[in-house]
Each structure stands twice: as structure tokens, then as C-alpha cells.
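As provided, upload27.tsv (TSV, C-alpha atoms and all ligand atoms) reads as follows.
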chain	number	residue	atom	x	y	z
A	19	MET	CA	250.13	227.43	195.23
A	20	VAL	CA	247.22	228.28	192.86
A	21	GLN	CA	247.49	231.82	191.48
A	22	LEU	CA	244.56	233.69	190.00
A	23	PRO	CA	244.70	236.53	187.47
A	24	MET	CA	245.19	239.85	189.22
A	25	PRO	CA	242.80	242.78	189.03
A	26	VAL	CA	244.17	245.69	187.04
A	27	ALA	CA	244.17	248.14	189.97
A	28	GLU	CA	246.26	245.81	192.09
A	29	LEU	CA	248.62	245.26	189.19
A	30	SER	CA	249.01	249.01	188.71
A	31	ARG	CA	249.87	249.37	192.41
A	32	ARG	CA	252.37	246.56	192.07
A	33	PHE	CA	254.25	248.34	189.26
A	34	SER	CA	254.15	251.68	191.14
A	35	ARG	CA	255.49	250.01	194.25
A	36	PHE	CA	258.19	248.24	192.27
A	37	ALA	CA	259.24	251.61	190.80
A	38	ASP	CA	259.32	253.37	194.17
A	39	LEU	CA	260.85	250.66	196.29
A	40	TRP	CA	263.24	248.86	194.03
A	41	CYS	CA	264.06	251.06	191.03
A	42	ARG	CA	264.53	254.52	192.54
A	43	ASP	CA	268.26	255.25	192.92
A	44	GLU	CA	268.98	251.95	191.17
A	45	SER	CA	267.62	251.86	187.66
A	46	PRO	CA	266.40	255.04	185.96
A	47	LEU	CA	265.23	252.91	183.04
A	48	TYR	CA	263.06	250.48	185.01
A	49	LEU	CA	261.88	253.36	187.22
A	50	SER	CA	260.41	255.15	184.22
A	51	LEU	CA	259.15	251.99	182.50
A	52	SER	CA	257.45	250.71	185.66
A	53	ALA	CA	255.84	254.08	186.35
A	54	ALA	CA	254.57	254.18	182.75
A	55	VAL	CA	253.24	250.60	182.88
A	56	ALA	CA	251.40	251.45	186.11
A	57	GLU	CA	249.41	254.08	184.15
A	58	ASP	CA	248.92	252.05	180.98
A	59	THR	CA	245.45	250.53	181.23
A	60	ALA	CA	245.63	248.58	177.97
A	61	LEU	CA	248.92	246.97	178.90
A	62	LEU	CA	247.71	246.24	182.43
A	63	ASP	CA	244.55	244.66	180.99
A	64	LEU	CA	246.74	242.36	178.97
A	65	LEU	CA	249.01	241.51	181.91
A	66	ALA	CA	246.05	240.89	184.17
A	67	THR	CA	245.26	237.81	182.10
A	68	SER	CA	248.46	236.26	183.47
A	69	PRO	CA	248.44	234.70	186.93
A	70	ARG	CA	252.17	235.53	187.17
A	71	ALA	CA	252.24	239.21	186.31
A	72	GLN	CA	255.12	240.41	188.47
A	73	PRO	CA	257.25	243.37	187.35
A	74	THR	CA	260.57	241.52	187.49
A	75	LEU	CA	259.21	238.59	185.49
A	76	PHE	CA	257.54	240.94	182.99
A	77	PHE	CA	260.74	242.93	182.37
A	78	ALA	CA	262.82	239.76	182.13
A	79	ALA	CA	260.43	238.30	179.54
A	80	ALA	CA	260.54	241.52	177.51
A	81	ARG	CA	264.32	241.58	177.62
A	82	PHE	CA	264.60	237.91	176.71
A	83	LEU	CA	262.46	238.49	173.62
A	84	GLY	CA	264.60	241.49	172.60
A	85	ALA	CA	262.39	244.47	173.52
A	86	PRO	CA	263.94	247.87	172.75
A	87	HIS	CA	264.44	250.05	175.80
A	88	GLY	CA	265.07	253.41	174.09
A	89	SER	CA	261.61	254.85	174.78
A	90	TYR	CA	258.43	253.72	176.48
A	91	GLU	CA	256.54	253.93	173.16
A	92	ALA	CA	258.96	251.54	171.44
A	93	PHE	CA	259.05	249.21	174.45
A	94	ARG	CA	255.27	249.18	174.72
A	95	ALA	CA	254.75	248.62	170.98
A	96	PHE	CA	257.09	245.61	171.14
A	97	VAL	CA	255.34	244.12	174.17
A	98	MET	CA	251.86	244.58	172.69
A	99	ASP	CA	253.00	243.15	169.37
A	100	ARG	CA	254.52	240.09	171.06
A	101	ALA	CA	251.78	239.77	173.67
A	102	SER	CA	251.22	236.05	173.27
A	103	ASP	CA	254.97	235.30	173.41
A	104	MET	CA	255.27	237.50	176.50
A	105	LEU	CA	252.43	235.75	178.30
A	106	ALA	CA	253.68	232.29	177.32
A	107	LEU	CA	257.17	233.08	178.59
A	108	MET	CA	255.86	234.49	181.85
A	109	GLN	CA	253.89	231.29	182.28
A	110	ILE	CA	256.84	228.93	181.89
A	111	ARG	CA	259.65	230.97	183.44
A	112	ARG	CA	260.30	232.29	186.94
A	113	THR	CA	262.21	235.25	188.29
A	114	GLN	CA	265.55	233.54	188.76
A	115	THR	CA	267.98	236.43	189.06
A	116	ASN	CA	271.14	234.85	190.42
A	117	GLU	CA	272.88	237.80	192.04
A	118	VAL	CA	276.42	236.99	193.17
A	119	GLY	CA	276.69	240.47	194.70
A	120	ARG	CA	274.65	239.07	197.60
A	121	CYS	CA	277.61	236.88	198.56
A	122	ALA	CA	279.34	239.99	199.90
A	123	VAL	CA	276.67	240.47	202.55
A	124	LEU	CA	276.58	236.78	203.48
A	125	LEU	CA	280.36	236.41	203.75
A	126	PRO	CA	280.93	238.15	207.12
A	127	ALA	CA	278.35	235.92	208.80
A	128	LEU	CA	279.66	232.75	207.15
A	129	ALA	CA	283.30	233.47	207.93
A	130	ALA	CA	282.46	233.99	211.61
A	131	LEU	CA	281.08	230.45	211.99
A	132	PRO	CA	283.11	227.41	213.08
A	133	GLN	CA	284.83	226.09	209.98
A	134	PRO	CA	284.64	224.09	207.75
A	135	LEU	CA	281.21	224.76	206.28
A	136	ALA	CA	278.64	222.67	204.47
A	137	LEU	CA	276.45	225.03	202.44
A	138	LEU	CA	272.87	224.27	201.51
A	139	GLU	CA	271.24	227.03	199.49
A	140	VAL	CA	267.48	227.11	199.06
A	141	GLY	CA	266.20	228.75	195.87
A	142	ALA	CA	269.70	228.61	194.43
A	143	SER	CA	268.81	229.32	190.78
A	144	ALA	CA	272.10	228.43	188.99
A	145	GLY	CA	273.92	228.03	192.30
A	146	LEU	CA	276.32	230.93	191.72
A	147	CYS	CA	276.07	232.08	195.36
A	148	LEU	CA	277.23	228.62	196.42
A	149	LEU	CA	280.63	229.47	194.95
A	150	LEU	CA	281.16	232.39	197.30
A	151	ASP	CA	284.58	231.16	198.41
A	152	ARG	CA	285.86	231.55	194.83
A	153	TYR	CA	285.15	235.25	194.49
A	154	ALA	CA	287.16	238.32	195.42
A	155	TYR	CA	285.63	240.83	197.83
A	156	GLU	CA	286.41	244.52	198.07
A	157	TYR	CA	284.83	246.03	201.15
A	158	GLU	CA	284.84	249.81	201.30
A	159	VAL	CA	285.08	250.95	204.86
A	160	GLY	CA	284.99	254.72	204.85
A	161	GLU	CA	288.07	255.70	202.86
A	162	ARG	CA	289.69	252.29	203.19
A	163	GLN	CA	289.33	249.23	201.01
A	164	LEU	CA	289.78	245.73	202.40
A	165	THR	CA	290.23	242.94	199.85
A	166	ILE	CA	289.72	239.24	200.52
A	167	GLY	CA	290.16	236.51	197.94
A	168	ASP	CA	291.19	236.73	194.34
A	169	GLY	CA	289.87	235.94	190.90
A	170	PRO	CA	287.85	237.28	188.00
A	171	VAL	CA	284.61	237.81	189.96
A	172	ARG	CA	285.10	240.92	192.06
A	173	LEU	CA	282.33	242.00	194.44
A	174	ARG	CA	282.40	245.54	195.75
A	175	CYS	CA	280.44	246.25	198.89
A	176	ALA	CA	280.27	249.30	201.15
A	177	ALA	CA	280.50	248.15	204.78
A	178	ARG	CA	278.59	250.29	207.25
A	179	GLY	CA	278.52	249.86	211.00
A	180	PRO	CA	280.44	247.15	212.89
A	181	VAL	CA	280.66	244.68	210.00
A	182	PRO	CA	282.89	241.77	211.04
A	183	ILE	CA	284.95	241.84	207.84
A	184	PRO	CA	286.63	238.45	207.57
A	185	ARG	CA	290.37	238.08	207.28
A	186	GLN	CA	290.01	235.04	205.07
A	187	LEU	CA	287.46	233.22	202.98
A	188	PRO	CA	285.39	230.50	204.62
A	189	GLU	CA	286.41	226.89	204.08
A	190	VAL	CA	283.60	225.16	202.20
A	191	ILE	CA	283.82	221.37	202.00
A	192	TRP	CA	280.30	220.58	200.76
A	193	ARG	CA	277.76	222.59	198.80
A	194	ARG	CA	274.33	221.87	197.39
A	195	GLY	CA	271.50	223.94	196.07
A	196	ILE	CA	267.83	223.23	195.76
A	197	ASP	CA	265.50	225.03	193.38
A	198	LEU	CA	262.10	224.49	191.79
A	199	ALA	CA	263.78	225.05	188.42
A	200	PRO	CA	267.58	224.76	188.62
A	201	ILE	CA	269.52	226.63	185.95
A	202	ASP	CA	272.25	224.64	184.24
A	203	VAL	CA	275.17	227.00	183.61
A	204	THR	CA	276.16	225.00	180.53
A	205	ASP	CA	272.72	225.45	178.92
A	206	LEU	CA	272.97	228.53	176.70
A	207	GLU	CA	269.24	229.20	176.56
A	208	ALA	CA	268.88	228.92	180.33
A	209	VAL	CA	271.82	231.29	180.78
A	210	ARG	CA	270.20	233.72	178.35
A	211	TRP	CA	267.20	233.76	180.71
A	212	LEU	CA	269.45	234.50	183.68
A	213	GLU	CA	270.95	237.39	181.73
A	214	ALA	CA	267.49	238.70	180.86
A	215	CYS	CA	266.69	238.85	184.58
A	216	ILE	CA	269.40	241.51	184.97
A	217	TRP	CA	267.98	245.01	184.58
A	218	ALA	CA	268.73	246.41	181.16
A	219	ASP	CA	270.57	249.54	182.35
A	220	GLN	CA	272.92	247.70	184.73
A	221	PRO	CA	275.76	246.44	182.50
A	222	GLU	CA	278.13	246.00	185.46
A	223	ARG	CA	275.81	243.37	186.95
A	224	LEU	CA	275.65	241.57	183.62
A	225	GLU	CA	279.43	241.56	183.36
A	226	ARG	CA	279.71	240.16	186.88
A	227	LEU	CA	277.10	237.49	186.16
A	228	ARG	CA	278.98	236.40	183.03
A	229	ALA	CA	282.25	236.18	184.95
A	230	ALA	CA	280.57	234.04	187.63
A	231	ILE	CA	279.00	231.77	185.01
A	232	ALA	CA	282.38	231.29	183.33
A	233	LEU	CA	283.84	230.29	186.71
A	234	ALA	CA	280.90	228.01	187.49
A	235	ARG	CA	281.32	226.20	184.18
A	236	GLU	CA	284.74	224.99	185.34
A	237	THR	CA	283.15	223.17	188.32
A	238	PRO	CA	279.35	223.55	188.16
A	239	PRO	CA	277.66	223.72	191.57
A	240	GLU	CA	275.17	220.93	192.20
A	241	VAL	CA	271.63	222.31	192.33
A	242	VAL	CA	268.90	219.69	192.60
A	243	GLN	CA	265.32	220.14	191.53
A	244	GLY	CA	262.99	220.36	194.49
A	245	ASP	CA	260.80	222.47	196.70
A	246	ALA	CA	262.06	224.56	199.61
A	247	THR	CA	259.83	222.82	202.10
A	248	SER	CA	259.03	219.34	200.88
A	249	ASP	CA	262.53	218.47	199.65
A	250	LEU	CA	264.79	220.21	202.16
A	251	CYS	CA	265.23	217.30	204.58
A	252	ARG	CA	266.60	214.87	202.05
A	253	LEU	CA	269.48	217.28	201.39
A	254	VAL	CA	270.06	218.11	205.04
A	255	VAL	CA	270.80	214.45	205.79
A	256	GLU	CA	273.38	214.31	203.00
A	257	ALA	CA	275.56	217.02	204.54
A	258	PRO	CA	278.77	215.85	206.24
A	259	ARG	CA	278.42	215.79	210.02
A	260	HIS	CA	281.88	217.19	210.76
A	261	ALA	CA	281.14	220.55	209.11
A	262	THR	CA	278.91	223.42	210.21
A	263	LEU	CA	275.79	223.04	208.13
A	264	VAL	CA	274.44	226.38	206.92
A	265	ILE	CA	271.04	226.60	205.30
A	266	PHE	CA	270.86	229.92	203.51
A	267	HIS	CA	268.67	231.75	201.06
A	268	SER	CA	268.29	235.17	199.52
A	269	ALA	CA	265.42	236.71	197.56
A	270	VAL	CA	263.39	233.50	197.75
A	271	LEU	CA	260.70	233.92	200.40
A	272	PRO	CA	258.58	236.37	198.35
A	273	TYR	CA	257.91	233.47	195.98
A	274	LEU	CA	256.37	231.41	198.78
A	275	ASP	CA	252.96	232.23	200.18
A	276	GLU	CA	252.52	232.96	203.89
A	277	SER	CA	251.73	229.37	204.91
A	278	GLU	CA	254.63	228.01	202.85
A	279	ARG	CA	256.96	230.55	204.45
A	280	GLN	CA	255.89	229.52	207.91
A	281	ALA	CA	256.20	225.82	207.13
A	282	PHE	CA	259.65	226.40	205.69
A	283	ALA	CA	260.79	228.43	208.71
A	284	GLU	CA	259.51	225.79	211.13
A	285	LEU	CA	261.29	223.08	209.21
A	286	VAL	CA	264.63	224.91	209.22
A	287	ARG	CA	264.29	225.67	212.94
A	288	ARG	CA	263.92	221.95	213.60
A	289	THR	CA	267.30	221.17	211.98
A	290	ASP	CA	270.56	221.78	213.82
A	291	ALA	CA	271.81	223.93	210.96
A	292	VAL	CA	272.80	227.57	211.14
A	293	TRP	CA	270.10	229.46	209.25
A	294	LEU	CA	271.07	232.54	207.28
A	295	ALA	CA	268.25	234.42	205.59
A	296	ASN	CA	268.82	237.47	203.38
A	297	GLU	CA	265.33	238.50	202.43
A	298	VAL	CA	263.10	241.44	201.72
A	299	THR	CA	261.91	243.19	204.88
A	300	GLY	CA	258.79	241.65	206.29
A	301	ALA	CA	259.25	238.26	204.58
A	302	LEU	CA	260.56	236.62	207.71
A	303	HIS	CA	260.26	239.12	210.53
A	304	PRO	CA	257.00	240.99	210.01
A	305	GLY	CA	257.12	242.64	213.41
A	306	SER	CA	260.82	243.44	213.58
A	307	SER	CA	262.25	246.90	214.16
A	308	MET	CA	263.72	246.69	210.66
A	309	GLU	CA	260.26	246.87	209.18
A	310	PRO	CA	260.15	250.62	208.36
A	311	ARG	CA	263.37	250.34	206.35
A	312	VAL	CA	261.58	248.70	203.48
A	313	ARG	CA	264.17	249.52	200.83
A	314	GLY	CA	266.67	246.91	201.89
A	315	PHE	CA	266.85	243.22	202.67
A	316	VAL	CA	267.27	241.93	206.20
A	317	LEU	CA	270.07	239.49	206.96
A	318	SER	CA	269.30	237.26	209.90
A	319	GLN	CA	270.98	234.32	211.55
A	320	ASN	CA	268.73	231.87	213.41
A	321	ASP	CA	266.04	234.56	213.68
A	322	GLU	CA	268.44	237.18	215.03
A	323	VAL	CA	268.74	240.22	212.79
A	324	LEU	CA	272.38	240.89	211.84
A	325	ALA	CA	272.18	243.56	209.18
A	326	VAL	CA	270.22	245.49	206.62
A	327	THR	CA	271.57	244.84	203.14
A	328	HIS	CA	271.31	246.23	199.65
A	329	PRO	CA	269.14	243.88	197.53
A	330	HIS	CA	272.01	243.29	195.10
A	331	GLY	CA	274.77	243.47	197.71
A	332	ARG	CA	276.13	246.95	197.07
A	333	TRP	CA	276.20	247.70	200.80
A	334	VAL	CA	275.71	246.01	204.12
A	335	GLU	CA	274.80	247.88	207.28
A	336	TRP	CA	275.56	245.79	210.34
A	337	THR	CA	273.16	246.31	213.20
A	338	GLN	CA	274.26	243.51	215.49
A	339	THR	CA	277.20	244.24	217.75
A	340	ARG	CA	278.07	240.81	219.18
A	341	GLN	CA	281.40	239.60	217.82
A	342	ALA	CA	280.82	236.04	216.74
A	343	GLY	CA	284.14	234.63	215.61
A	344	PRO	CA	287.51	235.08	213.92
A	345	ALA	CA	286.79	238.31	212.14
A	346	THR	CA	287.93	241.91	212.19
A	347	SER	CA	285.28	244.21	213.58
A	348	LEU	CA	285.36	247.72	212.16
B	1	LIG	C1	265.09	235.65	192.71
B	1	LIG	S1	265.80	234.06	192.57
B	1	LIG	C2	267.12	234.19	193.76
B	1	LIG	C3	268.26	233.25	193.44
B	1	LIG	C4	269.39	233.25	194.45
B	1	LIG	N1	268.90	232.90	195.77
B	1	LIG	C5	270.13	234.56	194.50
B	1	LIG	O1	269.97	235.29	195.50
B	1	LIG	O2	270.85	234.88	193.58
B	1	LIG	C6	264.60	233.03	193.42
B	1	LIG	C7	264.83	231.55	193.17
B	1	LIG	O3	263.99	230.83	194.09
B	1	LIG	C8	263.46	229.71	193.41
B	1	LIG	N2	262.24	229.27	194.12
B	1	LIG	C9	261.07	229.93	194.21
B	1	LIG	N3	260.19	229.22	194.96
B	1	LIG	C10	260.84	228.10	195.36
B	1	LIG	C11	260.47	226.98	196.15
B	1	LIG	N4	259.26	226.86	196.68
B	1	LIG	N5	261.39	226.01	196.35
B	1	LIG	C12	262.63	226.11	195.81
B	1	LIG	N6	263.03	227.15	195.04
B	1	LIG	C13	262.15	228.14	194.82
B	1	LIG	C14	263.22	230.22	192.00
B	1	LIG	O4	263.11	229.15	191.06
B	1	LIG	C15	264.44	231.09	191.78
B	1	LIG	O5	265.50	230.39	191.17
Render the structure in this file as C-alpha cells.
Amino acid sequence: MVQLPMPVAELSRRFSRFADLWCRDESPLYLSLSAAVAEDTALLDLLATSPRAQPTLFFAAARFLGAPHGSYEAFRAFVMDRASDMLALMQIRRTQTNEVGRCAVLLPALAALPQPLALLEVGASAGLCLLLDRYAYEYEVGERQLTIGDGPVRLRCAARGPVPIPRQLPEVIWRRGIDLAPIDVTDLEAVRWLEACIWADQPERLERLRAAIALARETPPEVVQGDATSDLCRLVVEAPRHATLVIFHSAVLPYLDESERQAFAELVRRTDAVWLANEVTGALHPGSSMEPRVRGFVLSQNDEVLAVTHPHGRWVEWTQTRQAGPATSL
């Protein structure tokens, strides 16, 4: 996809929207920084020279280079001073936030499928979500807490509605990821980029990421370099036939343009895999009834909406009532 530099007004709207939609109630720091950037004509002029001026990428680049976050003035002075480094970094890097918290919203759907599973993750980044059967889950259901699994990576998730909380972890016998730019968990510089993608005032996410990386280093998940659409089929045919093949992805479709999204969706529909998508509202189901609830992701299975989910997996609100397998409905 060819990307052209973005007009300043559109860029300003993009930062305002990022502040309102994604930072409010989540990150006071990025809320105030984004709102300030949206008003900062000189900084926007600079960013508009980049064809890849997205807020998440911008903040990750600033963090990677060591920007101070104490005040907007200090942050801005750093960014302006390191403008060429910022632009160069934004040119070569992508938003690759690998958020293991999202496993907590995928797990109920995965555990309800016929086991064992073969997992194929598209846009896997470092592949940390492929290791979802090695994490511990703490679902808060009203006053109760239901725990599944064990280990150093603990994912807390508030379960709302009839979430089919699993009794046990899924059995995964094959896993592969595909990504335009796979992150090698043993590469310190690449991992530093992953860390920079975590918002600077969310230390608990950073801690969780580090725990997942430590676990992944013991048995690194296999993530191959490739494109969601053109390289998917060669991985599909590698999956073992005696397992339920699940093609899943989260926070990936916004990086594809509309025609790429459609081509990808058509391709997945032509496989016999179960398709789990956990994506920003509108990315896959533009006309769905979920559309007004723009502050969450939508989890769907084979085009059927299952739930609305927190973008980093802090809660899942189940909207689908059909009981699909060996799970405990709440
Ligand atoms: C925001 S990250 C999400 C990573 C992971 N899915 C998660 O939820 O933690 C998006 C990932 O999608 C990858 N990506 C973007 N466009 C892609 C494409 N056309 N084909 C394959 N991967 C892509 C990026 O390189 C990046 O690693």
C-alpha cells in the first residue's frame, strides 16, 4: 500500500480522536500528550512529512529514543530536537504492540471449540498471544474470581454477560504466526521496541510483557515473515489435519487498507478454519449493531459477533448467548 504524507488538519483530528477514543479512562499521560499534539501546529507540520504519522507509532518512537514524559514542554522539546531520528524510526518501524492481555478475551471462544487446536495467528508480532495456553487467567465475575492455568504471566479480565468461562486451558498441538516484521524475542533491540510500544504510564502492562517474553524465550513461538493475504495459504496447508485449525488476529486489520481487508476476509472464509477476529469496531463489520460502541474491540467467530472487548483485554462483554462447547456459562 502506498502512503502519502498527511495534511496537518487530518493529522490533528487523528491525535484528537486517539485521545478521545483510546486514551480517556486508560492513560492520563497519553490523553494529555495527544490532546496537546493535536493543537501543536509546528509539531504537526513536522509529522505531516511522514507517510506513517500515527499516534501509536509516534509515541512508541519517542519512548524508544528516551523522551521525557514529565511535561508536554519537555516531551515536545525532545521530539523537535530529535526530529530526524523520530522520522527515521517511524519510517522503519511499525506499531507492533504485542498485548498478551488480549488472550483473556480469546480464551473462552478457543476453549469452546473441539480440541485439540492448531493456532495460526495473523499479525502475530513476537507471537506472545500464540502462547495463550501457558498463561494464568483470573476472570472477575461480579464478586467472584475464577482462575484457570498457572504461571508467571497472570491475566486479569472482568467477565461481563454470559461469558463461557472455560474450566480448563485449550489443548494446542500446533502454533504458527505470520507477520510483516516478526519480532524475535531473543533480540534485545527488537524487544526494546516492543517495550516502547507500551504506553509510558502503564507499568503493569510492561511488567506483564516482560514476563511473557521471559516465558517465550524458553520455547520461542514460530512467527514467519509474510503478508496476511499473500502468504496465509502456505501456512494453512502446514497445519495438522486432525486438529481444529483456528486463524485468529487482534489489532491487525487497521493496518490493512479496505481492499486488503476484504481480500483477507475472503481468503479466510474460503478455508475450513475457525476464524476468530478481535478487532477495532468497524474494521470487519462496518454495518454491525456493535458499531456505536466504538471504544472497544469486537470479537467475532466466522463473522458472528461474540463479544465486545477491551482493547488490551481488561474486560470482555459477551453478547452472544449460544453455548458452544465444554465451558461454564455465567
Ligand atoms: C498492533 S500489532 C498486534 C500484534 C498482536 N496481534 C497482538 O494483538 O498483540 C499489529 C501487527 O500486525 C502486523 N501487520 C500489519 N500489517 C500486516 C500484514 N499485512 N500482514 C501481516 N502482518 C501485518 C504488524 O507488523 C504488527 O506486528
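Remark: residues at most 10 Å from position (272.5, 241.1, 211.1) in file coordinates are A:Val123, A:Leu124, A:Pro126, A:Ala127, A:Val181, A:Leu294, A:Ala295, A:Asn296, A:Val316, A:Leu317, A:Ser318, A:Gln319, A:Asp321, A:Glu322, A:Val323, A:Leu324, A:Ala325, A:Val326, A:Thr327, A:Val334, A:Glu335, A:Trp336, A:Thr337, A:Gln338, A:Thr339, A:Arg340, using only C-alpha atoms.
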Let me know the centre plus edge lengths, in Å and rounded to one decimal, of a box with edges along x, y and z that contains all listed atoms of ligand LIG 1 (chain B) and is padded by 6 Å on every side, as JSON.
{"center_x": 265.1, "center_y": 230.8, "center_z": 193.9, "size_x": 23.6, "size_y": 21.6, "size_z": 17.6}
Self-check item: Of the listed residues A:Asp290, A:Glu222, A:Asp63, A:Asp38, that which approaches Arg174 (chain A) most closely, counting only C-alpha atoms
Solution: A:Glu222
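Closest approach to ligand LIG 1 (chain B) among A:Arg70, A:Arg94, A:His267, A:Arg42: A:His267, based on all atoms listed in the file.
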Exercise. Skip region 213-216 of chain A itself and residues of its chain fewer than 6 positions away, then list as number ranges by chain all residues within 8 Å of it, counting only C-alpha atoms.
Key: A: 74-75, 77-79, 81-82, 113-115, 223-224, 227
Self-check item: Sel. within 12 Å of pt (280.1, 232.2, 208.1), counting all atoms listed in the file, output as an MDAnalysis selection string
Solution: chainID A and resid 121:137 150:151 182:190 261:266 292:294 319 342:345
Quiz prompt | Contact residues around Leu49 (chain A) with all atoms listed in the file at 12 Å, ignoring same-chain residues under 2 positions, as a PyMOL selection string | solution = chain A and resi 33-47+51-56+73-74+77+90+217-219
Environment of ligand LIG 1 (chain B) within 6 Å, counting only C-alpha atoms and all ligand atoms, reported as a PDB file with C-alpha atoms, keeping the file's coordinate frame:
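Output (result37.pdb):
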ATOM      1  CA  ARG A 112     260.300 232.290 186.940  1.00  0.00           C
ATOM      2  CA  THR A 113     262.210 235.250 188.290  1.00  0.00           C
ATOM      3  CA  GLN A 114     265.550 233.540 188.760  1.00  0.00           C
ATOM      4  CA  THR A 115     267.980 236.430 189.060  1.00  0.00           C
ATOM      5  CA  ASN A 116     271.140 234.850 190.420  1.00  0.00           C
ATOM      6  CA  GLU A 117     272.880 237.800 192.040  1.00  0.00           C
ATOM      7  CA  VAL A 118     276.420 236.990 193.170  1.00  0.00           C
ATOM      8  CA  VAL A 140     267.480 227.110 199.060  1.00  0.00           C
ATOM      9  CA  GLY A 141     266.200 228.750 195.870  1.00  0.00           C
ATOM     10  CA  ALA A 142     269.700 228.610 194.430  1.00  0.00           C
ATOM     11  CA  SER A 143     268.810 229.320 190.780  1.00  0.00           C
ATOM     12  CA  ILE A 196     267.830 223.230 195.760  1.00  0.00           C
ATOM     13  CA  ASP A 197     265.500 225.030 193.380  1.00  0.00           C
ATOM     14  CA  LEU A 198     262.100 224.490 191.790  1.00  0.00           C
ATOM     15  CA  ALA A 199     263.780 225.050 188.420  1.00  0.00           C
ATOM     16  CA  GLY A 244     262.990 220.360 194.490  1.00  0.00           C
ATOM     17  CA  ASP A 245     260.800 222.470 196.700  1.00  0.00           C
ATOM     18  CA  ALA A 246     262.060 224.560 199.610  1.00  0.00           C
ATOM     19  CA  HIS A 267     268.670 231.750 201.060  1.00  0.00           C
ATOM     20  CA  SER A 268     268.290 235.170 199.520  1.00  0.00           C
ATOM     21  CA  ALA A 269     265.420 236.710 197.560  1.00  0.00           C
ATOM     22  CA  VAL A 270     263.390 233.500 197.750  1.00  0.00           C
ATOM     23  CA  TYR A 273     257.910 233.470 195.980  1.00  0.00           C
ATOM     24  CA  LEU A 274     256.370 231.410 198.780  1.00  0.00           C
TER      25      LEU A 274
END
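Put simply, CA of Pro238 (chain A) is 26.5 Å away from CA of Tyr157 (chain A).
Nearest residue to Trp211 (chain A) among A:Ser50, A:Met108, A:Ala66, A:Ala27 is A:Met108, counting all atoms listed in the file.
If only C-alpha atoms are the atoms counted, then among A:Ala60, A:Leu302, A:Ala176, A:Val254 the closest residue to His328 (chain A) is A:Ala176.
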